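One structure is given below, encoded as structure tokens.
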Amino acid sequence: MPGPPPDQFAQQDTDPRAGIDEAVAGLDDLAALPLSEHVDRFEAVHTELTVALSTIDKV
């Protein structure tokens, strides 16, 4: 099944927004990167968003 390895969910024991901010900051220089590296950057953001969403209590 696609997705981040299960241990990545355990890594985020502080504010989940910190990981999101860092991953999104990795998109800042996207235009300067080769197209082949874009997927890795977008996957990092997707992973951090998934981690953050998994920490939300039922609202």
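To be explicit about the labels: the chains of the structure tokens are called A, B, and onward in the order shown, and within each one the residues are counted from 1, while ligands get numbers from 1 in the order they are shown.
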- Task: For Arg17 in chain A, work out the shell of residues within 10 Å, counting only C-alpha atoms and skipping chain neighbours fewer than 5 positions away, then give it as a list in words.
- Result: Gln12, Glu22, Ala23, Glu48, Leu49, Val51 and Ala52 of chain A
Put those residues in a file: C-alpha atoms, as a short mmCIF file (atom, residue, chain, number, x, y, z; two decimals), in the first residue's frame.
data_model
loop_
_atom_site.label_atom_id
_atom_site.label_comp_id
_atom_site.auth_asym_id
_atom_site.auth_seq_id
_atom_site.Cartn_x
_atom_site.Cartn_y
_atom_site.Cartn_z
CA GLN A 12 6.23 13.79 14.98
CA GLU A 22 9.62 22.76 6.85
CA ALA A 23 8.29 20.59 4.02
CA GLU A 48 3.75 15.84 6.65
CA LEU A 49 0.12 16.69 5.94
CA VAL A 51 1.04 12.98 9.76
CA ALA A 52 -0.65 16.19 10.91
#
Show me, as a PDB file with N, CA and C atoms, in the first residue's frame, the residues that have an atom within 8 Å of range 24-30 of chain A when counting only C-alpha atoms, minus same-chain residues fewer than 3 positions from it.
ATOM      1  N   ILE A  20       5.179  20.508   8.672  1.00  0.00           N
ATOM      2  CA  ILE A  20       4.516  21.026   7.474  1.00  0.00           C
ATOM      3  C   ILE A  20       5.251  22.262   6.981  1.00  0.00           C
ATOM      4  N   ASP A  21       5.559  23.171   7.891  1.00  0.00           N
ATOM      5  CA  ASP A  21       6.257  24.396   7.498  1.00  0.00           C
ATOM      6  C   ASP A  21       7.598  24.086   6.846  1.00  0.00           C
ATOM      7  N   LEU A  33      14.909  23.557  -9.357  1.00  0.00           N
ATOM      8  CA  LEU A  33      15.282  22.144  -9.295  1.00  0.00           C
ATOM      9  C   LEU A  33      14.920  21.424 -10.587  1.00  0.00           C
ATOM     10  N   HIS A  38      11.064  17.168  -8.257  1.00  0.00           N
ATOM     11  CA  HIS A  38       9.807  17.759  -7.807  1.00  0.00           C
ATOM     12  C   HIS A  38       8.959  16.751  -7.034  1.00  0.00           C
ATOM     13  N   ARG A  41       9.839  16.379  -3.389  1.00  0.00           N
ATOM     14  CA  ARG A  41       9.427  17.541  -2.582  1.00  0.00           C
ATOM     15  C   ARG A  41       7.925  17.490  -2.292  1.00  0.00           C
ATOM     16  N   PHE A  42       7.126  17.178  -3.314  1.00  0.00           N
ATOM     17  CA  PHE A  42       5.681  17.102  -3.109  1.00  0.00           C
ATOM     18  C   PHE A  42       5.317  15.940  -2.188  1.00  0.00           C
ATOM     19  N   VAL A  45       5.776  16.983   1.429  1.00  0.00           N
ATOM     20  CA  VAL A  45       4.657  17.796   1.913  1.00  0.00           C
ATOM     21  C   VAL A  45       3.451  16.906   2.186  1.00  0.00           C
TER      22      VAL A  45
END
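Across the structure, CA of Gly19 in chain A and CA of Ala31 in chain A are spaced 21.5 Å apart.
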